[in-house]
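Data from target36.csv: CSV, C-alpha atoms
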chain,number,residue,atom,x,y,z
E,1,MET,CA,112.4,80.3,108.6
E,2,PRO,CA,108.8,80.0,107.6
E,3,PRO,CA,108.0,80.8,104.0
E,4,ASN,CA,106.3,84.1,103.2
E,5,SER,CA,102.6,83.6,102.8
E,6,GLU,CA,102.6,85.6,99.5
E,7,SER,CA,104.3,84.1,96.5
E,8,ARG,CA,105.8,86.4,93.9
E,9,GLN,CA,103.8,84.9,91.0
E,10,SER,CA,100.6,82.9,90.6
E,11,ARG,CA,100.9,79.2,90.0
E,12,SER,CA,99.7,79.6,86.5
E,13,GLU,CA,102.9,81.5,85.8
E,14,VAL,CA,105.2,78.9,87.2
E,15,PRO,CA,107.1,77.1,84.4
E,16,GLU,CA,106.2,73.4,83.9
E,17,ILE,CA,109.9,72.5,84.3
E,18,VAL,CA,109.9,74.0,87.8
E,19,ILE,CA,106.7,72.1,88.8
E,20,SER,CA,108.2,68.9,87.4
E,21,ARG,CA,111.2,69.3,89.7
E,22,LEU,CA,109.2,69.7,92.9
E,23,PRO,CA,108.7,66.0,93.5
E,24,GLN,CA,112.4,65.6,93.1
E,25,TYR,CA,113.0,68.2,95.8
E,26,VAL,CA,110.5,66.3,98.1
E,27,ARG,CA,112.4,62.9,97.5
E,28,ILE,CA,115.7,64.5,98.3
E,29,LEU,CA,114.4,66.3,101.4
E,30,ASN,CA,112.8,63.1,102.6
E,31,ARG,CA,116.2,61.4,102.4
E,32,LEU,CA,117.9,64.2,104.2
E,33,MET,CA,115.3,64.0,107.0
E,34,GLU,CA,115.9,60.3,107.3
E,35,ASP,CA,119.6,61.0,107.6
E,36,GLY,CA,119.0,63.5,110.4
E,37,ILE,CA,120.1,66.5,108.3
E,38,LEU,CA,118.3,69.6,109.6
E,39,VAL,CA,119.6,72.3,107.2
E,40,VAL,CA,120.5,72.1,103.6
E,41,SER,CA,122.1,74.7,101.2
E,42,SER,CA,121.1,75.5,97.7
E,43,GLN,CA,124.5,74.2,96.7
E,44,GLN,CA,123.8,70.8,98.3
E,45,LEU,CA,120.4,70.6,96.8
E,46,GLY,CA,121.8,71.6,93.4
E,47,GLU,CA,124.4,68.9,93.5
E,48,LYS,CA,121.8,66.3,94.2
E,49,LEU,CA,119.5,67.5,91.5
E,50,GLN,CA,122.2,68.4,89.0
E,51,VAL,CA,121.1,72.0,88.7
E,52,THR,CA,122.8,75.2,89.8
E,53,PRO,CA,122.3,76.7,93.3
E,54,ALA,CA,120.9,79.8,91.5
E,55,GLN,CA,118.3,77.6,89.8
E,56,ILE,CA,117.3,76.1,93.2
E,57,ARG,CA,116.8,79.5,94.6
E,58,LYS,CA,114.8,80.7,91.5
E,59,ASP,CA,112.6,77.6,91.6
E,60,LEU,CA,111.7,78.1,95.2
E,61,SER,CA,111.2,81.9,94.8
E,62,TYR,CA,108.1,81.2,92.7
E,63,PHE,CA,106.4,80.0,95.9
E,64,GLY,CA,107.6,82.5,98.4
E,65,ARG,CA,110.6,83.1,100.6
E,66,PHE,CA,112.4,80.1,102.1
E,67,GLY,CA,115.6,79.8,104.1
E,68,LYS,CA,118.0,82.4,105.3
E,69,GLN,CA,120.8,83.8,103.2
E,70,GLY,CA,124.1,82.3,104.2
E,71,ARG,CA,122.4,79.6,106.3
E,72,GLY,CA,120.4,77.5,104.0
E,73,TYR,CA,117.0,75.9,104.3
E,74,SER,CA,115.3,74.1,107.2
E,75,VAL,CA,114.8,70.7,105.7
E,76,ARG,CA,111.6,70.1,107.7
E,77,ASP,CA,110.1,73.5,106.8
E,78,LEU,CA,110.9,73.3,103.2
E,79,LEU,CA,109.7,69.7,102.9
E,80,ASP,CA,106.4,70.7,104.7
E,81,ARG,CA,105.9,73.6,102.4
E,82,LEU,CA,106.6,71.7,99.2
E,83,ARG,CA,104.2,68.9,100.3
E,84,GLN,CA,101.6,71.6,100.8
E,85,ILE,CA,102.3,73.1,97.4
E,86,LEU,CA,102.0,69.7,95.8
E,87,GLY,CA,98.9,68.8,97.8
E,88,ILE,CA,100.5,65.8,99.4
E,89,ASN,CA,100.6,67.1,103.0
E,90,SER,CA,97.4,65.3,104.1
E,91,PRO,CA,97.2,61.6,105.1
E,92,TRP,CA,95.1,59.4,102.9
E,93,ASN,CA,92.7,56.8,104.2
E,94,VAL,CA,93.1,53.5,102.5

Please render this file's structure as structure tokens.
Amino acid sequence: MPPNSESRQSRSEVPEIVISRLPQYVRILNRLMEDGILVVSSQQLGEKLQVTPAQIRKDLSYFGRFGKQGRGYSVRDLLDRLRQILGINSPWNV
């Protein structure tokens, strides 16, 4: 499910610890994509990041609505949105 275009709080109100976890989410989601996993639960993400599923949901809620209750998150959609949030969704010319 696409994220809601409105986030609950402005980025200036997002705790630093949450921002510091976002690259970890991206790394894990990249691995899941490589493994052909299409949907991931907050439980699965939490196990990989060693945080609770509730913390995963709270972290993501700072940036809008993701996933579907009882079904999990689309790996591709969540990865795309997190890349956009981090500003790493555009190719770089080298």

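Shortest atom-to-atom contact with Pro15 (chain E) among E:Lys48, E:Arg83, E:Arg31, E:Lys58: E:Lys58, counting only C-alpha atoms.
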
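Look at everything within 10 Å of (126.7, 78.0, 107.4) using all atoms listed in the file, and the residues you get are Val39, Val40, Ser41, Lys68, Gln69, Gly70, Arg71 and Gly72 of chain E.
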
**Message:** Give me the residues near Arg81 (chain E) as a PyMOL selection string, where near means some atom within 10 Å (using all atoms listed in the file) and where sequence neighbours in that chain fewer than 6 positions away do not count.
**Reply:** chain E and resi 2-3+26+63-64+66+75+87-89

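Closest approach to Asp77 (chain E) from the set E:Gln43, E:Ile56, E:Leu38, E:Tyr62 is made by E:Leu38, with distances taken over all atoms listed in the file.
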
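Taking CA of Arg57 (chain E) as the reference point, CA of Ser42 (chain E) is found at 6.6 Å.
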
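The smallest atom-to-atom distance between Gly36 (chain E) and any of E:Gln55, E:Leu86, E:Asp80, E:Ser74, using all atoms listed in the file, is found for E:Ser74.
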
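As for CA of Val14 (chain E) and CA of Met33 (chain E), they are spaced 26.8 Å apart.
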
**Prompt:** How many Å separate CA of Pro53 (chain E) from CA of Gln84 (chain E)?
**Reply:** 22.6 Å
